[in-house]
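Shown below: entry_18.cif, with mmCIF, C-alpha atoms.
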data_protein
#
loop_
_atom_site.label_atom_id
_atom_site.label_comp_id
_atom_site.auth_asym_id
_atom_site.auth_seq_id
_atom_site.Cartn_x
_atom_site.Cartn_y
_atom_site.Cartn_z
CA MET A 1 100.78 -61.67 25.68
CA LYS A 2 99.25 -64.88 27.00
CA LEU A 3 98.45 -65.19 30.67
CA LEU A 4 97.41 -68.56 32.03
CA THR A 5 96.12 -69.17 35.54
CA ARG A 6 94.33 -72.03 37.19
CA PHE A 7 91.35 -69.79 37.85
CA SER A 8 88.30 -69.50 35.67
CA PHE A 9 88.22 -65.71 35.71
CA ILE A 10 90.36 -63.42 33.55
CA LEU A 11 93.20 -61.71 35.38
CA THR A 12 92.27 -58.04 34.97
CA CYS A 13 91.80 -55.06 37.27
CA VAL A 14 88.04 -55.37 37.75
CA ALA A 15 85.70 -56.53 40.51
CA PHE A 16 87.23 -58.70 43.22
CA ILE A 17 90.74 -57.88 42.03
CA ASN A 18 93.06 -55.32 43.54
CA CYS A 19 95.91 -54.02 41.37
CA ASP A 20 98.48 -51.81 43.00
CA ASN A 21 102.08 -50.71 42.59
CA ASP A 22 103.40 -52.29 45.77
CA ASP A 23 105.89 -55.14 45.80
CA THR A 24 103.19 -57.67 45.07
CA PHE A 25 100.13 -58.12 42.92
CA SER A 26 97.14 -59.36 44.93
CA SER A 27 93.97 -61.05 43.74
CA THR A 28 91.13 -61.89 46.10
CA ASN A 29 87.77 -63.58 45.85
CA ASP A 30 85.60 -65.52 48.28
CA GLU A 31 87.74 -68.64 47.98
CA GLU A 32 91.38 -67.60 47.98
CA GLN A 33 93.95 -64.85 47.75
CA ILE A 34 97.03 -64.80 45.55
CA THR A 35 100.08 -62.72 46.35
CA LEU A 36 102.69 -62.47 43.62
CA PRO A 37 106.11 -60.82 43.59
CA VAL A 38 107.06 -58.10 41.13
CA ILE A 39 109.74 -59.65 38.92
CA ALA A 40 111.91 -59.03 35.88
CA ILE A 41 113.70 -61.67 33.82
CA ILE A 42 117.02 -61.57 32.01
CA GLY A 43 117.96 -64.04 29.27
CA ASP A 44 119.22 -64.58 25.73
CA ASP A 45 117.27 -64.31 22.49
CA LEU A 46 116.30 -67.70 21.03
CA THR A 47 116.18 -66.27 17.50
CA THR A 48 119.23 -64.00 17.28
CA GLY A 49 121.34 -65.41 20.11
CA ALA A 50 121.78 -61.93 21.60
CA SER A 51 122.51 -62.00 25.33
CA PHE A 52 121.21 -59.84 28.18
CA ASN A 53 117.60 -59.25 27.16
CA LEU A 54 115.53 -57.81 30.02
CA VAL A 55 111.82 -58.68 30.27
CA GLU A 56 109.70 -56.46 32.55
CA TRP A 57 105.97 -56.51 33.26
CA THR A 58 103.46 -53.97 34.50
CA ALA A 59 102.29 -54.38 38.09
CA SER A 60 99.19 -56.29 36.94
CA TYR A 61 101.25 -58.52 34.59
CA GLU A 62 99.01 -57.54 31.67
CA ASP A 63 101.75 -55.99 29.53
CA LYS A 64 105.48 -56.50 29.16
CA MET A 65 108.49 -54.74 27.70
CA ILE A 66 111.67 -56.35 26.35
CA THR A 67 114.94 -54.39 26.38
CA ASP A 68 118.26 -55.37 24.79
CA LEU A 69 120.63 -54.34 27.59
CA GLN A 70 123.76 -54.87 25.53
CA GLU A 71 122.46 -52.31 23.04
CA THR A 72 121.11 -50.00 25.74
CA ILE A 73 124.31 -49.99 27.78
CA GLY A 74 126.56 -50.08 24.73
CA PHE A 75 129.25 -52.72 25.20
CA GLU A 76 130.60 -55.33 22.78
CA PHE A 77 131.88 -58.03 25.12
CA GLY A 78 131.01 -58.77 28.72
CA PHE A 79 129.35 -61.25 31.02
CA LEU A 80 126.83 -60.99 33.83
CA GLN A 81 128.85 -61.75 36.93
CA ASN A 82 126.20 -61.45 39.63
CA THR A 83 123.25 -59.43 40.86
CA VAL A 84 123.13 -57.50 44.13
CA GLY A 85 119.55 -56.54 44.91
CA THR A 86 118.16 -55.23 41.62
CA GLU A 87 121.53 -54.13 40.24
CA LEU A 88 123.06 -56.24 37.48
CA ALA A 89 126.87 -56.28 37.36
CA PHE A 90 128.37 -56.67 33.89
CA ALA A 91 132.09 -57.49 33.89
CA LEU A 92 133.73 -56.20 30.71
CA ASP A 93 136.68 -57.97 29.07
CA PHE A 94 138.59 -60.94 30.47
CA PRO A 95 140.40 -60.55 32.76
CA THR A 96 137.92 -57.93 33.91
CA THR A 97 139.10 -54.34 33.45
CA SER A 98 135.85 -52.45 34.06
CA TYR A 99 132.27 -52.89 35.25
CA VAL A 100 128.94 -51.50 34.12
CA PHE A 101 126.06 -51.67 36.60
CA TYR A 102 122.40 -51.50 35.55
CA ASP A 103 119.62 -51.08 38.11
CA VAL A 104 116.52 -52.94 36.92
CA ALA A 105 114.22 -51.08 39.31
CA THR A 106 115.24 -47.57 38.22
CA GLY A 107 116.94 -48.01 34.85
CA GLY A 108 119.97 -46.18 36.23
CA MET A 109 123.50 -47.04 35.08
CA ARG A 110 126.98 -46.49 36.47
CA SER A 111 130.44 -47.68 35.50
CA ILE A 112 133.74 -48.31 37.30
CA THR A 113 137.17 -48.42 35.66
CA ASP A 114 140.72 -48.38 37.00
CA PHE A 115 139.65 -50.23 40.14
CA PHE A 116 142.68 -52.55 39.97
CA THR A 117 146.09 -50.89 39.46
CA PRO A 118 148.78 -52.59 41.61
CA GLU A 119 152.37 -52.22 40.43
CA ASN A 120 153.41 -55.86 40.65
CA ALA A 121 150.33 -57.69 39.36
CA THR A 122 150.44 -60.27 36.59
CA ASN A 123 147.67 -60.84 34.08
CA ASN A 124 146.65 -63.79 36.23
CA PHE A 125 143.94 -62.10 38.30
CA TYR A 126 140.25 -62.62 39.05
CA THR A 127 137.68 -60.07 40.27
CA VAL A 128 134.39 -60.67 42.12
CA ASN A 129 131.66 -58.13 42.81
CA ALA A 130 130.40 -57.88 46.39
CA ASP A 131 127.79 -55.60 47.97
CA GLN A 132 130.16 -52.65 48.37
CA GLY A 133 133.51 -53.82 47.05
CA LEU A 134 135.28 -55.15 43.99
CA LEU A 135 137.72 -57.82 45.15
CA THR A 136 140.58 -58.85 42.89
CA TYR A 137 142.70 -61.89 43.71
CA TYR A 138 146.05 -61.74 41.96
CA LEU A 139 149.53 -63.25 41.78
CA ASP A 140 152.45 -60.98 42.66
CA ALA A 141 154.75 -60.83 39.61
CA THR A 142 157.85 -60.37 41.80
CA SER A 143 157.28 -63.51 43.86
CA THR A 144 159.29 -66.65 43.11
CA CYS A 145 156.18 -68.80 43.27
CA CYS A 146 152.71 -68.16 44.52
CA ASP A 147 152.29 -65.04 46.65
CA ILE A 148 148.56 -64.32 46.42
CA TYR A 149 147.06 -60.94 47.33
CA VAL A 150 143.52 -59.57 47.38
CA HIS A 151 143.01 -56.00 46.18
CA SER A 152 139.84 -54.36 47.54
CA TYR A 153 138.14 -51.39 45.85
CA ASN A 154 135.33 -49.75 47.82
CA GLN A 155 132.55 -48.81 45.38
CA LEU A 156 131.16 -46.14 47.72
CA SER A 157 134.33 -44.26 48.68
CA GLY A 158 136.68 -45.20 45.84
CA ALA A 159 139.32 -46.22 48.37
CA SER A 160 141.62 -49.17 47.65
CA SER A 161 143.54 -51.50 49.96
CA GLU A 162 145.71 -54.61 49.77
CA SER A 163 145.76 -57.75 51.88
CA TYR A 164 148.16 -60.68 51.70
CA ILE A 165 146.49 -64.08 51.36
CA GLY A 166 149.58 -66.26 51.47
CA ASN A 167 151.92 -68.37 49.41
CA ALA A 168 149.27 -70.69 48.09
CA ASP A 169 147.69 -72.36 45.08
CA ILE A 170 144.19 -70.99 44.53
CA ALA A 171 143.53 -72.49 41.08
CA PRO A 172 141.02 -72.80 39.55
CA VAL A 173 140.26 -69.40 41.02
CA GLN A 174 136.72 -69.09 39.61
CA PHE A 175 135.66 -72.10 41.70
CA ASN A 176 137.67 -71.32 44.83
CA VAL A 177 136.67 -67.69 45.40
CA PHE A 178 133.30 -66.60 46.75
CA ALA A 179 131.88 -63.31 48.08
CA SER A 180 128.64 -62.59 49.89
CA GLY A 181 127.51 -59.62 51.93
CA ASN A 182 130.53 -58.11 53.66
CA ARG A 183 132.66 -61.26 53.47
CA SER A 184 134.93 -62.81 50.87
CA PHE A 185 136.25 -66.36 50.95
CA ALA A 186 139.06 -68.17 49.18
CA ILE A 187 140.06 -71.83 49.33
CA ALA A 188 143.75 -72.40 48.62
CA VAL A 189 146.45 -74.97 49.33
CA ASP A 190 149.47 -73.64 51.22
CA THR A 191 152.50 -74.11 48.96
CA PHE A 192 154.89 -75.00 51.82
CA THR A 193 152.72 -77.16 54.09
CA GLY A 194 150.22 -78.64 51.62
CA VAL A 195 147.40 -77.68 54.00
CA ARG A 196 144.08 -76.69 52.41
CA ASN A 197 142.95 -73.45 54.06
CA LEU A 198 139.88 -71.24 54.01
CA TYR A 199 140.91 -67.56 53.94
CA VAL A 200 138.25 -65.07 55.07
CA ASN A 201 138.55 -61.35 54.29
CA SER A 202 136.35 -58.29 54.56
CA ALA A 203 134.62 -57.56 51.26
CA ILE A 204 134.65 -53.85 52.13
CA ASP A 205 138.33 -53.13 52.80
CA GLY A 206 140.04 -56.50 52.25
CA GLU A 207 141.07 -56.89 55.90
CA ARG A 208 141.95 -60.47 56.80
CA LEU A 209 139.43 -61.87 59.28
CA GLY A 210 140.94 -65.31 59.72
CA VAL A 211 142.35 -68.52 58.28
CA ILE A 212 141.24 -72.05 59.11
CA ASP A 213 142.47 -75.49 58.05
CA VAL A 214 139.68 -77.11 56.01
CA SER A 215 141.58 -80.20 54.85
CA GLU A 216 138.92 -82.51 56.29
CA TYR A 217 136.01 -80.60 54.72
CA GLY A 218 134.77 -80.71 51.15
CA GLY A 219 131.63 -78.57 50.87
CA PHE A 220 131.11 -75.00 52.07
CA MET A 221 128.01 -72.84 52.49
CA TYR A 222 127.85 -69.29 53.90
CA ASN A 223 124.84 -67.92 55.78
CA ASP A 224 125.06 -64.14 55.31
CA VAL A 225 122.17 -63.48 57.69
CA ARG A 226 123.71 -65.30 60.67
CA ASP A 227 127.30 -64.63 59.53
CA GLU A 228 128.32 -68.27 59.78
CA MET A 229 129.71 -70.85 57.39
CA TYR A 230 128.83 -74.53 57.25
CA LEU A 231 131.79 -76.85 56.65
CA PHE A 232 130.68 -80.27 55.39
CA ASN A 233 133.03 -83.20 56.00
CA PHE A 234 131.54 -85.86 53.64
CA ASN A 235 132.94 -88.59 55.91
CA GLY A 236 129.57 -89.95 56.97
CA ASP A 237 126.20 -88.39 56.45
CA ALA A 238 126.49 -85.97 53.50
CA VAL A 239 124.80 -83.22 55.53
CA SER A 240 127.07 -83.56 58.60
CA HIS A 241 128.94 -80.32 59.24
CA VAL A 242 130.45 -77.93 61.74
CA VAL A 243 129.43 -74.29 61.98
CA LEU A 244 132.16 -71.66 61.69
CA ASP A 245 131.27 -68.42 63.50
CA ILE A 246 132.93 -65.72 61.37
CA ASN A 247 133.02 -63.16 64.20
CA THR A 248 134.84 -65.39 66.69
CA PHE A 249 136.39 -67.80 64.17
CA THR A 250 135.41 -70.78 66.32
CA THR A 251 133.68 -73.96 65.16
CA SER A 252 130.81 -75.86 66.73
CA GLU A 253 130.52 -79.54 67.48
CA LEU A 254 129.58 -81.77 64.54
CA THR A 255 125.91 -81.39 63.69
CA SER A 256 123.66 -82.30 60.77
CA PHE A 257 120.84 -81.03 58.61
CA PRO A 258 117.90 -83.35 57.93
CA LEU A 259 118.19 -85.47 54.80
CA GLY A 260 117.25 -83.54 51.68
CA LEU A 261 120.32 -81.42 50.97
CA SER A 262 122.65 -82.57 48.20
CA ILE A 263 125.93 -80.85 49.06
CA SER A 264 128.68 -80.69 46.43
CA ASP A 265 132.40 -80.10 46.73
CA GLY A 266 133.40 -76.44 46.92
CA PHE A 267 131.09 -73.48 47.54
CA ASN A 268 127.36 -74.29 47.51
CA GLU A 269 124.77 -71.67 46.58
CA ALA A 270 122.05 -70.88 49.11
CA GLN A 271 119.78 -68.00 50.06
CA PHE A 272 118.92 -67.21 53.66
CA SER A 273 116.35 -65.41 55.76
CA GLN A 274 116.35 -65.31 59.55
CA ASN A 275 114.44 -68.59 59.80
CA GLU A 276 114.82 -70.34 56.45
CA MET A 277 117.42 -71.53 53.97
CA ILE A 278 116.85 -71.97 50.24
CA PHE A 279 119.30 -74.46 48.73
CA LYS A 280 119.97 -74.59 44.99
CA GLU A 281 121.63 -77.40 43.06
CA PHE A 282 124.31 -76.70 40.44
CA ASP A 283 121.75 -77.44 37.71
CA GLY A 284 119.77 -74.36 38.76
CA ILE A 285 116.97 -76.19 40.58
CA VAL A 286 115.99 -75.03 44.05
CA SER A 287 115.82 -78.47 45.62
CA SER A 288 115.29 -77.74 49.30
CA LEU A 289 113.65 -75.27 51.66
CA TYR A 290 114.92 -75.71 55.22
CA SER A 291 113.26 -74.29 58.36
CA TYR A 292 115.54 -73.49 61.31
CA GLU A 293 112.49 -73.29 63.59
CA THR A 294 111.17 -76.79 62.88
CA ASN A 295 114.41 -78.41 61.63
CA THR A 296 112.53 -79.77 58.62
CA ILE A 297 113.13 -79.69 54.87
CA ILE A 298 110.70 -79.42 51.95
CA THR A 299 112.26 -80.93 48.85
CA TYR A 300 111.62 -80.12 45.19
CA ASP A 301 112.28 -82.40 42.24
CA SER A 302 112.58 -81.18 38.65
CA THR A 303 110.51 -84.07 37.29
CA ASP A 304 107.71 -83.34 39.74
CA LEU A 305 107.79 -79.63 38.84
CA ILE A 306 107.65 -80.43 35.12
CA ASN A 307 104.70 -82.79 35.64
CA ARG A 308 102.81 -80.30 37.81
CA ILE A 309 103.25 -77.52 35.26
CA PHE A 310 102.15 -79.79 32.41
CA GLU A 311 99.05 -80.90 34.33
CA GLU A 312 97.93 -77.34 35.04
CA THR A 313 99.04 -75.51 31.88
CA GLY A 314 99.48 -78.14 29.17
CA ARG A 315 103.04 -76.88 28.58
CA GLY A 316 105.98 -79.26 28.56
CA ILE A 317 108.64 -77.04 30.10
CA ASN A 318 112.39 -77.53 29.90
CA ILE A 319 113.59 -75.99 33.19
CA ILE A 320 116.61 -73.67 32.99
CA ASN A 321 116.62 -72.02 36.41
CA THR A 322 114.43 -71.59 39.50
CA SER A 323 114.21 -69.31 42.51
CA ILE A 324 112.07 -68.70 45.59
CA ASP A 325 110.68 -65.41 46.89
CA LEU A 326 110.13 -65.90 50.62
CA ASP A 327 108.17 -62.63 51.02
CA THR A 328 105.32 -63.91 48.84
CA ARG A 329 106.04 -67.64 49.28
CA THR A 330 106.43 -68.02 45.51
CA TYR A 331 108.48 -70.62 43.63
CA VAL A 332 109.61 -69.21 40.25
CA VAL A 333 110.36 -71.63 37.41
CA MET A 334 112.11 -70.38 34.27
CA GLY A 335 112.40 -72.41 31.08
CA THR A 336 111.34 -73.00 27.50
CA TYR A 337 108.63 -74.95 25.71
CA MET A 338 107.94 -75.99 22.12
CA GLU A 339 104.86 -75.06 20.10
CA ASP A 340 104.53 -75.74 16.36
CA ASN A 341 108.25 -76.57 16.29
CA ILE A 342 109.12 -73.12 17.64
CA MET A 343 110.78 -72.60 21.02
CA TYR A 344 109.40 -69.96 23.41
CA GLY A 345 110.39 -68.71 26.84
CA LEU A 346 108.13 -69.33 29.82
CA VAL A 347 108.05 -68.27 33.48
CA VAL A 348 105.79 -70.09 35.92
CA LEU A 349 104.93 -68.67 39.34
CA MET A 350 103.95 -71.41 41.80
CA SER A 351 103.08 -71.67 45.46
CA LEU A 352 105.57 -73.45 47.69
CA ASP A 353 103.31 -76.50 47.63
CA LYS A 354 103.69 -76.50 43.81
CA GLU A 355 100.32 -75.11 42.71
CA VAL A 356 100.55 -72.91 39.60
CA LYS A 357 99.62 -69.29 40.36
CA LEU A 358 100.45 -67.66 37.03
CA THR A 359 102.34 -68.31 33.80
CA LEU A 360 104.10 -65.59 31.85
CA GLU A 361 105.28 -65.71 28.25
CA THR A 362 108.71 -64.25 27.48
CA ASP A 363 108.34 -64.82 23.71
CA SER A 364 111.76 -65.31 22.08
CA VAL A 365 113.70 -64.60 25.30
CA ARG A 366 115.02 -67.70 27.06
CA PRO A 367 114.68 -66.78 30.77
CA GLN A 368 117.88 -67.40 32.74
CA GLU A 369 117.66 -65.28 35.88
CA VAL A 370 114.88 -63.62 37.88
CA ILE A 371 115.21 -60.26 39.66
CA PHE A 372 112.77 -59.53 42.49
CA ILE A 373 111.84 -55.86 42.61
CA ARG A 374 111.01 -54.41 46.02
CA ASP A 375 110.54 -50.96 47.54
#
Let me see whether you can do it: turn the structure in this file into structure tokens.
Amino acid sequence: MKLLTRFSFILTCVAFINCDNDDTFSSTNDEEQITLPVIAIIGDDLTTGASFNLVEWTASYEDKMITDLQETIGFEFGFLQNTVGTELAFALDFPTTSYVFYDVATGGMRSITDFFTPENATNNFYTVNADQGLLTYYLDATSTCCDIYVHSYNQLSGASSESYIGNADIAPVQFNVFASGNRSFAIAVDTFTGVRNLYVNSAIDGERLGVIDVSEYGGFMYNDVRDEMYLFNFNGDAVSHVVLDINTFTTSELTSFPLGLSISDGFNEAQFSQNEMIFKEFDGIVSSLYSYETNTIITYDSTDLINRIFEETGRGINIINTSIDLDTRTYVVMGTYMEDNIMYGLVVLMSLDKEVKLTLETDSVRPQEVIFIRD
């Protein structure tokens, strides 16, 4: 395995270098200290086309292991729906009839079947995986038009419950349903009034928490740390929004983020800590890091990232996905590069000011998602 750093010394566990099994790998000398996250990568095989290949490294990043999860778990058809912590959720069949969960940190597996068994459901249903629940939005087969329900299955207790959303058009459901933390959200147009509503339910037991008219808003972003949703109106400044407090279901006065966010219609992906927001574009690039304390934004551009990586490593990377680990202040770039007309996978760990800390080869695996492994 090739390891490239911008330092002149070799990255091994000898003098001046501390290797441990904590969440990070630390290297110190008289000039600087590097702190790296412990990561794993999942992606497809560039040679065979096989999906769900897991790449893991030792704590010192000297050795790696590649596992074919589809073969290990033993399923023929499925797709990776989302990741909660270090647990990958594989939805089997379409529409989804069962789930297999694989914990990257422990190698443990579990499966859930028969989580959705209502009497009057049609085949027109869609399931999302939340922290504790499996939420299935479905059309009641006995309704004359569009009675939408959400069926909640608690993964911890095995209990199920039903909640009525309304007589509404939720299509296309895969773009209008979103779950995060203990909340689930659906955007649907009321069949009778034509009003575009945001329906908020508990992701644990399906209980309805509230409904709000969002006809004047286009973009939505949920902060799971502060339990609030940003509703962007697109009428003036693209970052102008009101804040919806989920607990009280009240909205703030119109406010705005600094320029640097590129909000799209529908649900926007973001990651939050108590004081920061990481915003990701639909092309997989983390484009902005916002500080609530200073009300400032650091922006990232794919061209700049590509140029920085080429300058420091000599690799011309085609970026597939990126992520940020706030604990170690590390920007992770995943992509591919060409060498002797052969395509290889590459992961680059950078500081938040875009200095290359470490590059990791993934050989024939095209990296598509990073999993941060913590205690």
>> With the PyMOL selection byres ((chain A and resi 145-160) around 7) as the selection, what would be picked from this file? Answer as JSON, numbers by chain, please.
In response: {"A": [115, 132, 133, 134, 135, 136, 137, 138, 139, 140, 143, 144, 161, 162, 163, 164, 165, 166, 167, 168, 169, 204, 205, 206]}
> What separation in Å, quoted to one decimal, exists between CA of Gly284 in chain A and CA of Thr322 in chain A?
Replying inline: 6.1 Å
> For Leu69 in chain A, which residue among A:Met109, A:Val189, A:Ala171, A:Leu244 is the nearest when counting all atoms listed in the file?
Replying inline: A:Met109
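All polymer residues at most 8 Å from (104.0, -79.1, 24.7), using only C-alpha atoms, appear as Phe310, Gly314, Arg315, Gly316, Ile317, Tyr337, Met338 and Glu339 of chain A.
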> Could you spell out the hits of the PyMOL selection byres ((chain A and resi 352) around 9) on the shown file, as a VMD selection string?
Replying inline: chain A and resid 298 324 329 to 331 350 to 351 353 to 355
> the PyMOL selection byres ((chain A and resi 129) around 9) on the file shown: which residues, as a PyMOL selection string?
Replying inline: chain A and resi 81-84+89+91+127-128+130-136+179-180+203
>> Between CA of Ser202 in chain A and CA of Asp103 in chain A, what is the distance in Å, rounded to a tenth?
In response: 24.5 Å
>> What's around Phe234 in chain A at 10 Å? Count all atoms listed in the file, leave out sequence neighbours fewer than 3 positions away in its own chain, and write the answer as a PyMOL selection string.
In response: chain A and resi 216-219+231+237-241+263-265
How about saving the chosen residues, C-alpha atoms kept, as a compact mmCIF listing (two decimals), in the coordinates of the input?
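Resulting contents of out-v7.txt:
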# COMPACT_ATOMS: atom_id res chain seq x y z
CA GLU A 216 138.92 -82.51 56.29
CA TYR A 217 136.01 -80.60 54.72
CA GLY A 218 134.77 -80.71 51.15
CA GLY A 219 131.63 -78.57 50.87
CA LEU A 231 131.79 -76.85 56.65
CA ASP A 237 126.20 -88.39 56.45
CA ALA A 238 126.49 -85.97 53.50
CA VAL A 239 124.80 -83.22 55.53
CA SER A 240 127.07 -83.56 58.60
CA HIS A 241 128.94 -80.32 59.24
CA ILE A 263 125.93 -80.85 49.06
CA SER A 264 128.68 -80.69 46.43
CA ASP A 265 132.40 -80.10 46.73
Given 4 Å on each side, where is the centre and what are the edge lengths in Å to one decimal of the axis-aligned box enclosing the listed atoms of range 72-83 of chain A, as JSON?
{"center_x": 126.5, "center_y": -55.9, "center_z": 31.8, "size_x": 18.8, "size_y": 19.8, "size_z": 26.1}
>> For a quick check of understanding, using all atoms listed in the file, which of A:Phe185, A:Tyr199, A:Tyr126, A:Phe77 has the smallest distance to Phe90 in chain A?
In response: A:Phe77
>> Using all atoms listed in the file for the distances, tell me which of A:Ile297, A:Val55, A:Leu36, A:Ile285 is nearest to Asn321 in chain A.
In response: A:Ile285
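Ranking A:Thr58, A:Thr47, A:Thr113, A:Ser262 by their shortest atom-to-atom distance to Tyr344 in chain A, with only C-alpha atoms included, puts A:Thr47 first.
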> For Ile39 in chain A, which residue out of A:Leu261, A:Ile306, A:Val100, A:Ala105 is the nearest one, using only C-alpha atoms?
Replying inline: A:Ala105
> Interatomic distance between CA of Tyr300 in chain A and CA of Gly260 in chain A?
Replying inline: 9.2 Å
>> Ranking A:Ile41, A:Phe94, A:Gly266, A:Asp213 by minimum distance to Ser323 in chain A and counting only C-alpha atoms, which one comes first?
In response: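 Among A:Ile41, A:Phe94, A:Gly266, A:Asp213, it is A:Ile41 that comes nearest to Ser323 in chain A.
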Any idea what's packed within 10 Å of range 357-362 of chain A, counting all atoms listed in the file, ignoring anything in its chain fewer than 4 positions away? Could you give it as a tab-separated table (two decimals) with C-alpha atoms, in the frame of the given file?
chain	number	residue	atom	x	y	z
A	1	MET	CA	100.78	-61.67	25.68
A	2	LYS	CA	99.25	-64.88	27.00
A	3	LEU	CA	98.45	-65.19	30.67
A	4	LEU	CA	97.41	-68.56	32.03
A	5	THR	CA	96.12	-69.17	35.54
A	6	ARG	CA	94.33	-72.03	37.19
A	7	PHE	CA	91.35	-69.79	37.85
A	11	LEU	CA	93.20	-61.71	35.38
A	34	ILE	CA	97.03	-64.80	45.55
A	35	THR	CA	100.08	-62.72	46.35
A	36	LEU	CA	102.69	-62.47	43.62
A	41	ILE	CA	113.70	-61.67	33.82
A	42	ILE	CA	117.02	-61.57	32.01
A	43	GLY	CA	117.96	-64.04	29.27
A	45	ASP	CA	117.27	-64.31	22.49
A	54	LEU	CA	115.53	-57.81	30.02
A	55	VAL	CA	111.82	-58.68	30.27
A	56	GLU	CA	109.70	-56.46	32.55
A	57	TRP	CA	105.97	-56.51	33.26
A	61	TYR	CA	101.25	-58.52	34.59
A	62	GLU	CA	99.01	-57.54	31.67
A	64	LYS	CA	105.48	-56.50	29.16
A	65	MET	CA	108.49	-54.74	27.70
A	66	ILE	CA	111.67	-56.35	26.35
A	309	ILE	CA	103.25	-77.52	35.26
A	312	GLU	CA	97.93	-77.34	35.04
A	313	THR	CA	99.04	-75.51	31.88
A	330	THR	CA	106.43	-68.02	45.51
A	331	TYR	CA	108.48	-70.62	43.63
A	332	VAL	CA	109.61	-69.21	40.25
A	333	VAL	CA	110.36	-71.63	37.41
A	334	MET	CA	112.11	-70.38	34.27
A	335	GLY	CA	112.40	-72.41	31.08
A	336	THR	CA	111.34	-73.00	27.50
A	344	TYR	CA	109.40	-69.96	23.41
A	345	GLY	CA	110.39	-68.71	26.84
A	346	LEU	CA	108.13	-69.33	29.82
A	347	VAL	CA	108.05	-68.27	33.48
A	348	VAL	CA	105.79	-70.09	35.92
A	349	LEU	CA	104.93	-68.67	39.34
A	350	MET	CA	103.95	-71.41	41.80
A	351	SER	CA	103.08	-71.67	45.46
A	366	ARG	CA	115.02	-67.70	27.06
A	367	PRO	CA	114.68	-66.78	30.77
> So which residues are close to (112.5, -75.9, 64.9), meaning at most 12 Å away in the file's coordinates with all atoms listed in the file counted, and can you show them as a list of chain:residue names?
Replying inline: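 All residues meeting the 12 Å criterion around (112.5, -75.9, 64.9) are A:Phe257, A:Pro258, A:Asn275, A:Glu276, A:Tyr290, A:Ser291, A:Tyr292, A:Glu293, A:Thr294, A:Asn295, A:Thr296, A:Ile297.
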